[in-house]
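This is coords.csv (CSV, C-alpha atoms and all ligand atoms).
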```csv
chain,number,residue,atom,x,y,z
A,1,MET,CA,23.7,268.9,-131.9
A,2,ALA,CA,24.6,272.3,-133.5
A,3,ASN,CA,21.3,273.7,-132.4
A,4,THR,CA,21.4,277.5,-133.2
A,5,LYS,CA,18.3,278.1,-131.0
A,6,VAL,CA,20.0,277.1,-127.8
A,7,ALA,CA,21.0,279.9,-125.3
A,8,GLU,CA,24.7,280.5,-124.7
A,9,LEU,CA,26.2,278.6,-121.8
A,10,GLY,CA,29.4,280.6,-122.0
A,11,HIS,CA,31.3,277.7,-123.5
A,12,LYS,CA,31.8,279.2,-127.0
A,13,ALA,CA,33.8,282.1,-125.5
A,14,LEU,CA,36.1,279.5,-124.2
A,15,GLY,CA,36.5,277.9,-127.6
A,16,LEU,CA,34.3,274.9,-126.8
A,17,THR,CA,31.5,273.7,-129.1
A,18,ASP,CA,28.1,272.3,-128.1
A,19,ALA,CA,29.5,268.8,-128.9
A,20,ASP,CA,32.5,269.5,-126.6
A,21,VAL,CA,30.4,270.3,-123.5
A,22,LEU,CA,28.1,267.4,-124.1
A,23,ALA,CA,31.2,265.1,-124.4
A,24,MET,CA,32.5,266.5,-121.1
A,25,TYR,CA,29.1,265.8,-119.4
A,26,ARG,CA,29.1,262.3,-120.8
A,27,GLN,CA,32.6,261.7,-119.6
A,28,MET,CA,31.6,262.8,-116.1
A,29,LEU,CA,28.8,260.2,-116.2
A,30,LEU,CA,31.3,257.6,-117.3
A,31,ALA,CA,33.8,258.4,-114.6
A,32,ARG,CA,31.0,258.3,-112.0
A,33,ALA,CA,29.7,255.0,-113.3
A,34,VAL,CA,33.2,253.3,-113.1
A,35,ASP,CA,33.5,254.6,-109.6
A,36,GLU,CA,30.1,253.4,-108.4
A,37,ARG,CA,30.6,250.0,-110.0
A,38,MET,CA,33.9,249.6,-108.2
A,39,TRP,CA,32.3,250.3,-104.9
A,40,LEU,CA,29.8,247.6,-105.6
A,41,MET,CA,32.6,245.2,-106.5
A,42,GLN,CA,34.4,246.2,-103.3
A,43,ARG,CA,31.3,245.5,-101.2
A,44,ALA,CA,30.9,242.1,-103.0
A,45,GLY,CA,34.5,241.2,-102.0
A,46,LYS,CA,35.9,241.3,-105.5
A,47,ILE,CA,38.0,244.5,-105.1
A,48,ALA,CA,40.1,244.9,-101.9
A,49,PHE,CA,40.1,248.7,-101.6
A,50,ILE,CA,38.8,251.7,-103.4
A,51,ILE,CA,39.4,255.5,-103.1
A,52,SER,CA,36.7,257.4,-104.8
A,53,GLY,CA,36.8,260.4,-107.2
A,54,GLN,CA,33.1,261.1,-106.7
A,55,GLY,CA,32.6,264.9,-106.5
A,56,HIS,CA,35.9,265.6,-108.2
A,57,GLU,CA,34.8,264.8,-111.8
A,58,ALA,CA,34.1,268.3,-113.0
A,59,ALA,CA,37.5,269.6,-111.7
A,60,GLN,CA,39.4,266.7,-113.2
A,61,ILE,CA,37.7,266.6,-116.6
A,62,GLY,CA,37.7,270.4,-117.0
A,63,MET,CA,41.4,270.8,-116.0
A,64,THR,CA,42.7,267.9,-118.1
A,65,TRP,CA,40.6,268.6,-121.2
A,66,PRO,CA,43.0,271.1,-122.7
A,67,MET,CA,46.0,268.7,-122.3
A,68,ARG,CA,47.3,267.1,-125.5
A,69,PRO,CA,47.0,263.3,-125.6
A,70,ASN,CA,50.3,261.4,-126.2
A,71,GLN,CA,52.3,264.6,-125.8
A,72,ASP,CA,51.6,266.0,-122.3
A,73,TRP,CA,52.1,264.0,-119.2
A,74,MET,CA,50.2,263.5,-116.0
A,75,ALA,CA,51.3,262.6,-112.5
A,76,PRO,CA,47.9,262.0,-110.9
A,77,TYR,CA,46.8,261.1,-107.3
A,78,TYR,CA,44.6,258.3,-106.1
A,79,ARG,CA,41.3,260.1,-106.8
A,80,SER,CA,42.1,260.8,-110.4
A,81,ILE,CA,39.7,258.4,-112.1
A,82,ALA,CA,38.1,261.1,-114.3
A,83,SER,CA,41.6,262.5,-115.2
A,84,ALA,CA,42.9,259.1,-116.1
A,85,ILE,CA,39.9,258.6,-118.4
A,86,THR,CA,40.6,261.9,-120.1
A,87,PHE,CA,44.2,260.9,-120.6
A,88,GLY,CA,43.1,257.7,-122.4
A,89,MET,CA,42.6,255.0,-119.7
A,90,THR,CA,39.5,253.0,-120.4
A,91,PRO,CA,36.9,251.9,-117.7
A,92,GLU,CA,38.2,248.3,-118.4
A,93,ASP,CA,41.8,249.4,-117.6
A,94,ILE,CA,40.7,251.0,-114.4
A,95,ILE,CA,38.6,248.1,-113.2
A,96,THR,CA,41.3,245.6,-114.2
A,97,ALA,CA,43.8,247.5,-112.1
A,98,HIS,CA,41.5,247.5,-109.1
A,99,LEU,CA,40.9,243.8,-109.5
A,100,ALA,CA,44.8,243.4,-109.5
A,101,LYS,CA,44.7,241.3,-112.6
A,102,GLY,CA,47.9,240.0,-114.2
A,103,ASP,CA,47.7,242.2,-117.3
A,104,ASP,CA,46.6,245.4,-115.7
A,105,VAL,CA,48.2,248.3,-117.6
A,106,SER,CA,49.3,250.1,-114.4
A,107,SER,CA,51.4,247.4,-112.8
A,108,GLY,CA,50.2,243.9,-113.7
A,109,GLY,CA,48.4,243.7,-110.4
A,110,ARG,CA,51.4,244.7,-108.3
A,111,GLN,CA,50.4,248.2,-107.2
A,112,MET,CA,47.8,249.5,-104.8
A,113,PRO,CA,44.5,250.0,-106.7
A,114,GLY,CA,44.2,253.6,-107.7
A,115,HIS,CA,47.9,254.0,-108.3
A,116,TYR,CA,47.3,254.9,-111.9
A,117,GLY,CA,50.3,254.7,-114.1
A,118,ALA,CA,50.8,253.7,-117.7
A,119,ALA,CA,53.5,254.8,-120.0
A,120,ARG,CA,51.2,254.2,-123.0
A,121,TYR,CA,48.9,257.0,-121.7
A,122,ASN,CA,51.7,259.3,-120.5
A,123,ILE,CA,50.6,258.7,-116.9
A,124,VAL,CA,53.2,258.4,-114.2
A,125,SER,CA,52.7,255.8,-111.5
A,126,LEU,CA,52.2,257.3,-108.1
A,127,SER,CA,53.5,256.1,-104.7
A,128,SER,CA,51.7,255.5,-101.5
A,129,PRO,CA,53.4,258.4,-99.6
A,130,VAL,CA,51.2,261.4,-100.6
A,131,GLY,CA,52.9,264.2,-102.6
A,132,THR,CA,55.7,262.3,-104.4
A,133,GLN,CA,53.8,262.7,-107.7
A,134,VAL,CA,54.3,266.5,-107.5
A,135,LEU,CA,58.1,266.0,-107.7
A,136,HIS,CA,57.7,263.6,-110.6
A,137,ALA,CA,55.7,266.2,-112.6
A,138,VAL,CA,58.3,268.8,-112.0
A,139,GLY,CA,61.0,266.3,-113.1
A,140,ILE,CA,59.1,265.6,-116.3
A,141,ALA,CA,58.8,269.3,-117.0
A,142,MET,CA,62.5,269.9,-116.2
A,143,GLY,CA,63.4,267.0,-118.5
A,144,ALA,CA,61.3,268.4,-121.4
A,145,TRP,CA,62.8,271.8,-120.9
A,146,VAL,CA,66.3,270.4,-121.0
A,147,LYS,CA,65.5,268.4,-124.2
A,148,GLY,CA,63.7,271.4,-125.8
A,149,GLU,CA,60.5,269.3,-126.1
A,150,ASP,CA,57.0,270.8,-126.1
A,151,VAL,CA,55.6,269.0,-123.1
A,152,VAL,CA,53.4,270.2,-120.3
A,153,ALA,CA,53.1,268.2,-117.1
A,154,ILE,CA,50.0,268.3,-114.9
A,155,THR,CA,49.8,266.9,-111.4
A,156,SER,CA,47.1,266.8,-108.8
A,157,PHE,CA,46.9,266.4,-105.0
A,158,GLY,CA,44.7,267.1,-102.0
A,159,GLU,CA,44.9,270.1,-99.8
A,160,GLY,CA,46.2,267.9,-96.9
A,161,THR,CA,49.1,266.8,-99.2
A,162,SER,CA,49.8,270.5,-100.2
A,163,ASN,CA,51.5,270.7,-96.7
A,164,GLN,CA,54.1,268.0,-97.5
A,165,GLY,CA,57.7,269.1,-97.7
A,166,GLU,CA,58.2,267.8,-101.2
A,167,VAL,CA,55.2,269.8,-102.5
A,168,HIS,CA,56.9,273.1,-101.4
A,169,GLU,CA,60.2,271.9,-102.8
A,170,ALA,CA,58.6,271.0,-106.1
A,171,MET,CA,56.7,274.3,-106.5
A,172,ASN,CA,59.7,276.4,-105.5
A,173,PHE,CA,62.0,274.6,-108.0
A,174,ALA,CA,59.4,274.9,-110.7
A,175,GLY,CA,59.0,278.6,-109.9
A,176,VAL,CA,62.7,279.3,-110.0
A,177,HIS,CA,63.2,277.5,-113.4
A,178,LYS,CA,59.8,278.6,-114.9
A,179,LEU,CA,58.9,275.0,-115.7
A,180,PRO,CA,55.9,274.0,-117.9
A,181,VAL,CA,53.9,272.4,-115.1
A,182,ILE,CA,50.4,272.8,-113.8
A,183,PHE,CA,49.8,272.1,-110.1
A,184,VAL,CA,46.2,271.2,-109.3
A,185,CYS,CA,45.1,271.1,-105.7
A,186,GLU,CA,41.7,269.3,-105.4
A,187,ASN,CA,40.6,270.9,-102.1
A,188,ASN,CA,37.8,268.7,-100.7
A,189,GLY,CA,38.1,270.1,-97.2
A,190,TYR,CA,39.3,267.0,-95.5
A,191,ALA,CA,42.5,265.0,-95.2
A,192,ILE,CA,40.8,261.7,-94.2
A,193,SER,CA,39.0,263.0,-91.0
A,194,VAL,CA,41.0,266.2,-90.5
A,195,PRO,CA,39.1,269.4,-91.6
A,196,LEU,CA,40.7,272.2,-93.6
A,197,ALA,CA,41.1,274.6,-90.6
A,198,GLN,CA,43.4,272.1,-89.0
A,199,GLN,CA,45.4,271.6,-92.1
A,200,VAL,CA,46.0,275.0,-93.8
A,201,GLY,CA,46.8,278.1,-91.7
A,202,GLY,CA,45.9,280.6,-94.3
A,203,LEU,CA,42.9,278.6,-95.6
A,204,SER,CA,44.0,279.3,-99.2
A,205,VAL,CA,46.4,276.9,-100.9
A,206,ALA,CA,46.3,279.0,-104.2
A,207,ALA,CA,47.6,282.1,-102.3
A,208,ARG,CA,50.9,280.3,-101.7
A,209,ALA,CA,51.8,280.5,-105.3
A,210,GLU,CA,52.8,284.1,-105.0
A,211,GLY,CA,55.6,283.1,-102.7
A,212,TYR,CA,56.9,280.7,-105.4
A,213,GLY,CA,56.7,283.4,-108.1
A,214,PHE,CA,53.8,282.2,-110.2
A,215,PRO,CA,50.0,282.7,-110.4
A,216,GLY,CA,47.6,280.9,-108.1
A,217,VAL,CA,43.9,280.8,-108.7
A,218,THR,CA,40.9,279.3,-106.9
A,219,VAL,CA,38.1,277.9,-109.0
A,220,ASP,CA,34.7,276.3,-108.3
A,221,GLY,CA,35.6,272.6,-108.7
A,222,ALA,CA,31.9,271.7,-109.4
A,223,ASP,CA,32.0,273.8,-112.5
A,224,PRO,CA,33.7,272.0,-115.4
A,225,LEU,CA,33.8,275.2,-117.5
A,226,ALA,CA,35.5,277.3,-114.9
A,227,CYS,CA,38.0,274.5,-114.4
A,228,TYR,CA,38.5,274.2,-118.2
A,229,ALA,CA,39.2,277.9,-118.4
A,230,ALA,CA,41.8,277.8,-115.6
A,231,GLY,CA,43.4,274.6,-117.1
A,232,LYS,CA,43.5,276.1,-120.6
A,233,GLU,CA,45.1,279.3,-119.4
A,234,ALA,CA,47.7,277.4,-117.3
A,235,HIS,CA,48.4,275.2,-120.3
A,236,GLU,CA,48.9,278.1,-122.6
A,237,ARG,CA,51.2,279.9,-120.1
A,238,ALA,CA,53.3,276.7,-119.8
A,239,ILE,CA,53.7,276.4,-123.6
A,240,ARG,CA,54.7,280.1,-123.9
A,241,GLY,CA,57.5,279.4,-121.4
A,242,GLU,CA,56.0,281.5,-118.7
A,243,GLY,CA,56.2,278.7,-116.1
A,244,PRO,CA,53.9,277.0,-113.7
A,245,THR,CA,50.4,277.8,-112.4
A,246,LEU,CA,48.7,276.6,-109.2
A,247,ILE,CA,45.0,275.9,-109.5
A,248,GLU,CA,43.0,275.2,-106.3
A,249,ALA,CA,39.7,273.6,-107.2
A,250,VAL,CA,37.2,273.7,-104.4
A,251,VAL,CA,35.4,270.3,-104.5
A,252,HIS,CA,33.3,268.2,-102.2
A,253,ARG,CA,34.2,264.6,-101.4
A,254,LEU,CA,30.9,262.9,-101.8
A,255,THR,CA,32.1,259.6,-100.3
A,256,SER,CA,34.1,258.5,-97.3
A,257,HIS,CA,37.9,258.9,-97.7
A,258,SER,CA,38.2,255.3,-98.8
A,259,SER,CA,36.3,252.0,-98.6
A,260,ASP,CA,38.0,251.5,-95.2
A,261,ASP,CA,36.6,254.7,-93.8
A,262,ASP,CA,33.2,255.9,-92.6
A,263,GLN,CA,32.8,259.7,-92.7
A,264,ARG,CA,29.7,259.7,-90.6
A,265,ARG,CA,32.0,259.2,-87.6
A,266,TYR,CA,33.5,262.7,-88.1
A,267,ARG,CA,31.2,264.7,-90.3
A,268,ASP,CA,28.0,266.2,-89.1
A,269,PRO,CA,24.9,264.4,-90.4
A,270,ALA,CA,23.6,267.7,-91.9
A,271,GLU,CA,26.9,268.2,-93.7
A,272,VAL,CA,26.8,264.7,-95.2
A,273,GLU,CA,23.2,265.3,-96.3
A,274,ASP,CA,24.1,268.6,-97.8
A,275,LEU,CA,26.8,267.0,-100.0
A,276,LYS,CA,24.1,266.0,-102.6
A,277,GLN,CA,23.6,269.7,-103.3
A,278,HIS,CA,27.3,269.9,-104.5
A,279,ASP,CA,27.3,266.9,-106.8
A,280,PRO,CA,28.8,268.3,-110.0
A,281,ILE,CA,26.9,265.9,-112.3
A,282,PRO,CA,23.3,267.1,-111.6
A,283,LEU,CA,24.6,270.7,-111.4
A,284,PHE,CA,26.1,270.5,-114.9
A,285,ALA,CA,23.1,268.6,-116.2
A,286,SER,CA,20.7,271.3,-115.1
A,287,ARG,CA,22.9,274.0,-116.7
A,288,LEU,CA,23.0,272.1,-120.0
A,289,ALA,CA,19.3,271.5,-119.8
A,290,ALA,CA,18.5,275.1,-119.0
A,291,VAL,CA,20.1,276.3,-122.3
A,292,GLY,CA,18.5,273.5,-124.3
A,293,LEU,CA,21.6,271.4,-124.9
A,294,LEU,CA,20.7,268.4,-122.8
A,295,ILE,CA,17.2,267.1,-123.5
A,296,ALA,CA,15.9,264.3,-121.4
A,297,GLU,CA,16.2,261.7,-124.3
A,298,LEU,CA,19.8,262.5,-124.8
A,299,ASP,CA,20.5,262.2,-121.1
A,300,GLU,CA,18.8,258.8,-121.0
A,301,GLN,CA,20.7,257.7,-124.1
A,302,TYR,CA,24.1,258.7,-122.5
A,303,ARG,CA,23.2,256.9,-119.2
A,304,ALA,CA,22.2,253.8,-121.1
A,305,GLU,CA,25.4,253.8,-123.2
A,306,VAL,CA,27.5,254.3,-120.1
A,307,LYS,CA,25.8,251.5,-118.2
A,308,ALA,CA,26.3,249.1,-121.1
A,309,GLU,CA,30.0,250.1,-121.4
A,310,ILE,CA,30.6,249.6,-117.7
A,311,ASN,CA,28.8,246.2,-117.7
A,312,GLU,CA,30.9,245.1,-120.6
A,313,ALA,CA,34.1,246.5,-119.0
A,314,SER,CA,33.6,244.8,-115.7
A,315,LYS,CA,32.7,241.5,-117.3
A,316,ARG,CA,35.9,241.6,-119.4
A,317,ALA,CA,38.0,242.8,-116.5
A,318,GLU,CA,36.8,240.0,-114.3
A,319,ALA,CA,37.6,237.4,-116.9
A,320,ARG,CA,41.3,238.5,-117.1
A,321,PRO,CA,44.0,236.3,-115.7
A,322,GLU,CA,45.3,236.6,-112.1
A,323,PRO,CA,49.0,237.5,-111.8
A,324,ASP,CA,51.4,234.6,-111.9
A,325,VAL,CA,52.6,233.8,-108.4
A,326,ALA,CA,56.1,233.2,-109.8
A,327,THR,CA,56.4,236.9,-110.6
A,328,ALA,CA,55.5,238.2,-107.1
A,329,GLU,CA,59.0,239.6,-106.6
A,330,LEU,CA,59.4,241.1,-110.1
A,331,HIS,CA,60.6,244.7,-109.9
A,332,VAL,CA,61.0,244.4,-106.1
A,333,TYR,CA,64.7,243.4,-106.1
A,334,ALA,CA,67.4,244.1,-108.7
A,335,GLU,CA,67.4,241.5,-111.4
A,336,GLU,CA,70.5,239.6,-112.6
A,337,GLY,CA,72.0,241.5,-115.5
A,338,GLY,CA,69.8,244.6,-115.3
B,401,LIG,C1,53.5,260.9,-96.4
B,401,LIG,C2,52.1,260.3,-96.1
B,401,LIG,N1,51.5,260.7,-94.9
B,401,LIG,C3,50.3,260.1,-94.6
B,401,LIG,C4,49.7,259.3,-95.5
B,401,LIG,C5,48.3,258.7,-95.1
B,401,LIG,N2,47.3,259.3,-96.0
B,401,LIG,C6,46.8,258.8,-97.1
B,401,LIG,S1,45.7,259.7,-97.8
B,401,LIG,C7,45.8,260.9,-96.6
B,401,LIG,C8,45.0,262.2,-96.7
B,401,LIG,C9,45.4,263.1,-97.8
B,401,LIG,O1,44.4,264.1,-97.8
B,401,LIG,P1,44.4,265.2,-99.0
B,401,LIG,O2,45.7,265.4,-99.5
B,401,LIG,O3,43.6,266.3,-98.5
B,401,LIG,O4,43.6,264.4,-100.1
B,401,LIG,P2,42.2,263.8,-100.2
B,401,LIG,O5,42.3,262.3,-99.8
B,401,LIG,O6,41.3,264.6,-99.3
B,401,LIG,O7,41.7,263.9,-101.6
B,401,LIG,C10,46.8,260.6,-95.7
B,401,LIG,C11,47.1,261.4,-94.5
B,401,LIG,C12,50.4,258.9,-96.7
B,401,LIG,N3,49.8,258.1,-97.6
B,401,LIG,N4,51.6,259.5,-97.0
```
Do you think you could lay out the structure here as structure tokens?
Amino acid sequence: MANTKVAELGHKALGLTDADVLAMYRQMLLARAVDERMWLMQRAGKIAFIISGQGHEAAQIGMTWPMRPNQDWMAPYYRSIASAITFGMTPEDIITAHLAKGDDVSSGGRQMPGHYGAARYNIVSLSSPVGTQVLHAVGIAMGAWVKGEDVVAITSFGEGTSNQGEVHEAMNFAGVHKLPVIFVCENNGYAISVPLAQQVGGLSVAARAEGYGFPGVTVDGADPLACYAAGKEAHERAIRGEGPTLIEAVVHRLTSHSSDDDQRRYRDPAEVEDLKQHDPIPLFASRLAAVGLLIAELDEQYRAEVKAEINEASKRAEARPEPDVATAELHVYAEEGG
């Protein structure tokens, strides 16, 4: 792997080794494979509902890569499959949650699929109203600051969600108190069927950061290295006590909004066709190949390993027990004595 003959990808200047960038690529393949498998399971009637992260993998993996496992926290959103994997969730955990099995780590089958959350991975459970997770991340950062703990919180949301009141409140509060939090807006240009021009007056979400008193940057969300660089810088600022950063990653949503939606009803056929040109996985694969890091045999090996892992994960997830009907109201109402 440490092939001295390969051309420079620019990754070494960022402190990444050849092995790191190949691992990032493999993880993109893994996140995509989990996602695709769950669509198949949804179409087969095994999973009720799926919201995809396809097209967001480079942004999510690049941005969460600098985070410290079991130390930093994440308040994700429903497209955060690749981020959740970087934070430690396994394909089996994710598929089990979507199958609403009784021992799913997120909620024991009691949450919407895609509402990632597992204290064991430092991932906060999100709620169905979009944007609540942004307040949770700021709360975690505030708590860490009060306790003097070295913790950075990262949160993600779409550009439609960036217009919610609580997102402004969260960013303003974090700016005032210089909290160690990273706000990631994964701007895919649509809030379900509503295009960007009808959502954001200024067309830049990152530009808003200036009003809150911290830096805002826009990055190409199909480029995992650009996303890594932005995430790393934001993480270092947070640790140094300099406060939040807003990163707007421009991505393409390769699928419909959810398995209940059909984007062909509101996107031009040429635009849907053009999406393939923006798929971050082949884009990164060709960059890695161009500098001699990803040879065809290695790519095939990764794809075979990932396929075997997903096959195994879905088989195990399907064999897990259903939730016990007797626990349907658990955590819904106050319990006697606690
Ligand atoms: C407060 C609230 N309003 C509306 C909805 C319905 N809803 C769910 S997802 C979504 C679109 C959000 O779009 P965006 O934030 O751009 O994220 P994307 O899905 O494009 O990644 C909406 C309107 C909701 N869940 N919560």
Protein and nucleic residues near ligand LIG 401 (chain B), 8 Å, all atoms listed in the file, as a ChimeraX atom specification: /A:78-79,128-131,157-162,164,186-192,253,257
10 Å contact set for Ala118 of chain A, only C-alpha atoms, chain neighbours under 6 positions out, as a VMD selection string: chain A and resid 74 84 88 to 89 93 104 to 107 124 to 125
Close residues, Gly148 of chain A itself excluded, 12 Å, all atoms listed in the file, min 4 positions apart in chain, as a ChimeraX atom specification: /A:141-144,152,179-180,239,241
May I have the residues from that selection written out with C-alpha atoms, as a tab-separated table (two decimals), in the coordinates of the input?
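Writing done, so here's part.tsv:
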```
chain	number	residue	atom	x	y	z
A	141	ALA	CA	58.80	269.30	-117.00
A	142	MET	CA	62.50	269.90	-116.20
A	143	GLY	CA	63.40	267.00	-118.50
A	144	ALA	CA	61.30	268.40	-121.40
A	152	VAL	CA	53.40	270.20	-120.30
A	179	LEU	CA	58.90	275.00	-115.70
A	180	PRO	CA	55.90	274.00	-117.90
A	239	ILE	CA	53.70	276.40	-123.60
A	241	GLY	CA	57.50	279.40	-121.40
```
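The spacing separating atom CA of Gly53 of chain A from atom CA of Ile95 of chain A amounts to 13.8 Å.
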For segment 38-41 of chain A: contacts at 12 Å, all atoms listed in the file, fewer than 5 positions along chain excluded, given as a PyMOL selection string: chain A and resi 31-33+46-54+81+91-92+94-99+113-114+255-256+258-260+310-311+313-315+317-318
Using only C-alpha atoms: which of A:Gly175, A:Pro282, A:Gly202, A:Gly292 has the shortest distance to Leu246 of chain A: A:Gly175
Show me, as a PDB file with C-alpha atoms, in the frame of the given file, the residues that have an atom within 12 Å of Gly231 of chain A when counting only C-alpha atoms, minus same-chain residues fewer than 6 positions from it.
```
ATOM      1  CA  LEU A  14      36.100 279.500-124.200  1.00  0.00           C
ATOM      2  CA  ALA A  58      34.100 268.300-113.000  1.00  0.00           C
ATOM      3  CA  ALA A  59      37.500 269.600-111.700  1.00  0.00           C
ATOM      4  CA  GLN A  60      39.400 266.700-113.200  1.00  0.00           C
ATOM      5  CA  ILE A  61      37.700 266.600-116.600  1.00  0.00           C
ATOM      6  CA  GLY A  62      37.700 270.400-117.000  1.00  0.00           C
ATOM      7  CA  MET A  63      41.400 270.800-116.000  1.00  0.00           C
ATOM      8  CA  THR A  64      42.700 267.900-118.100  1.00  0.00           C
ATOM      9  CA  TRP A  65      40.600 268.600-121.200  1.00  0.00           C
ATOM     10  CA  PRO A  66      43.000 271.100-122.700  1.00  0.00           C
ATOM     11  CA  MET A  67      46.000 268.700-122.300  1.00  0.00           C
ATOM     12  CA  ARG A  68      47.300 267.100-125.500  1.00  0.00           C
ATOM     13  CA  VAL A 152      53.400 270.200-120.300  1.00  0.00           C
ATOM     14  CA  ALA A 153      53.100 268.200-117.100  1.00  0.00           C
ATOM     15  CA  ILE A 154      50.000 268.300-114.900  1.00  0.00           C
ATOM     16  CA  THR A 155      49.800 266.900-111.400  1.00  0.00           C
ATOM     17  CA  SER A 156      47.100 266.800-108.800  1.00  0.00           C
ATOM     18  CA  VAL A 181      53.900 272.400-115.100  1.00  0.00           C
ATOM     19  CA  ILE A 182      50.400 272.800-113.800  1.00  0.00           C
ATOM     20  CA  PHE A 183      49.800 272.100-110.100  1.00  0.00           C
ATOM     21  CA  VAL A 184      46.200 271.200-109.300  1.00  0.00           C
ATOM     22  CA  GLY A 216      47.600 280.900-108.100  1.00  0.00           C
ATOM     23  CA  VAL A 217      43.900 280.800-108.700  1.00  0.00           C
ATOM     24  CA  THR A 218      40.900 279.300-106.900  1.00  0.00           C
ATOM     25  CA  VAL A 219      38.100 277.900-109.000  1.00  0.00           C
ATOM     26  CA  GLY A 221      35.600 272.600-108.700  1.00  0.00           C
ATOM     27  CA  PRO A 224      33.700 272.000-115.400  1.00  0.00           C
ATOM     28  CA  LEU A 225      33.800 275.200-117.500  1.00  0.00           C
ATOM     29  CA  ARG A 237      51.200 279.900-120.100  1.00  0.00           C
ATOM     30  CA  ALA A 238      53.300 276.700-119.800  1.00  0.00           C
ATOM     31  CA  PRO A 244      53.900 277.000-113.700  1.00  0.00           C
ATOM     32  CA  THR A 245      50.400 277.800-112.400  1.00  0.00           C
ATOM     33  CA  LEU A 246      48.700 276.600-109.200  1.00  0.00           C
ATOM     34  CA  ILE A 247      45.000 275.900-109.500  1.00  0.00           C
ATOM     35  CA  GLU A 248      43.000 275.200-106.300  1.00  0.00           C
ATOM     36  CA  ALA A 249      39.700 273.600-107.200  1.00  0.00           C
TER      37      ALA A 249
END
```
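Residue nearest Glu233 of chain A within the list A:Ala289, A:Glu297, A:Thr132, A:Pro215: A:Pro215 [criterion: smallest interatomic distance, only C-alpha atoms].
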From A:Gln277, A:Val325, A:Arg264, A:Leu22, residue lying nearest Ile295 of chain A [only C-alpha atoms]: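 Looking at the shortest contact to Ile295 of chain A, the residue is A:Leu22.
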Straight-line distance linking atom CA of Thr86 of chain A with atom CA of Tyr228 of chain A, stated in Å to one decimal: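 So the two atoms, atom CA of Thr86 of chain A and atom CA of Tyr228 of chain A, lie 12.6 Å apart.
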Shell around Gly213 of chain A at 10 Å using all atoms listed in the file, local window under 4 positions removed, as a ChimeraX atom specification: /A:171-172,174-176,178,208-209,243-245
Between atom CA of Thr327 of chain A and atom CA of Ser80 of chain A, distance in Å (one decimal):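 For atom CA of Thr327 of chain A relative to atom CA of Ser80 of chain A, the distance reads 27.9 Å.
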Counting all atoms listed in the file, the residue of A:Leu275, A:Ala326, A:Val291, A:Ile140 that sits nearest His252 of chain A: A:Leu275
Residue nearest Leu16 of chain A - candidates A:Val205, A:Gln198, A:Ile281, A:Lys232, atoms counted: only C-alpha atoms: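 Of A:Val205, A:Gln198, A:Ile281, A:Lys232, the one nearest Leu16 of chain A is A:Lys232, counting only C-alpha atoms.
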Nearest candidate to Val332 of chain A (options A:Gln71, A:Gln301, A:Gln42, A:Gln111; using only C-alpha atoms):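 Looking at the shortest contact to Val332 of chain A, the residue is A:Gln111.
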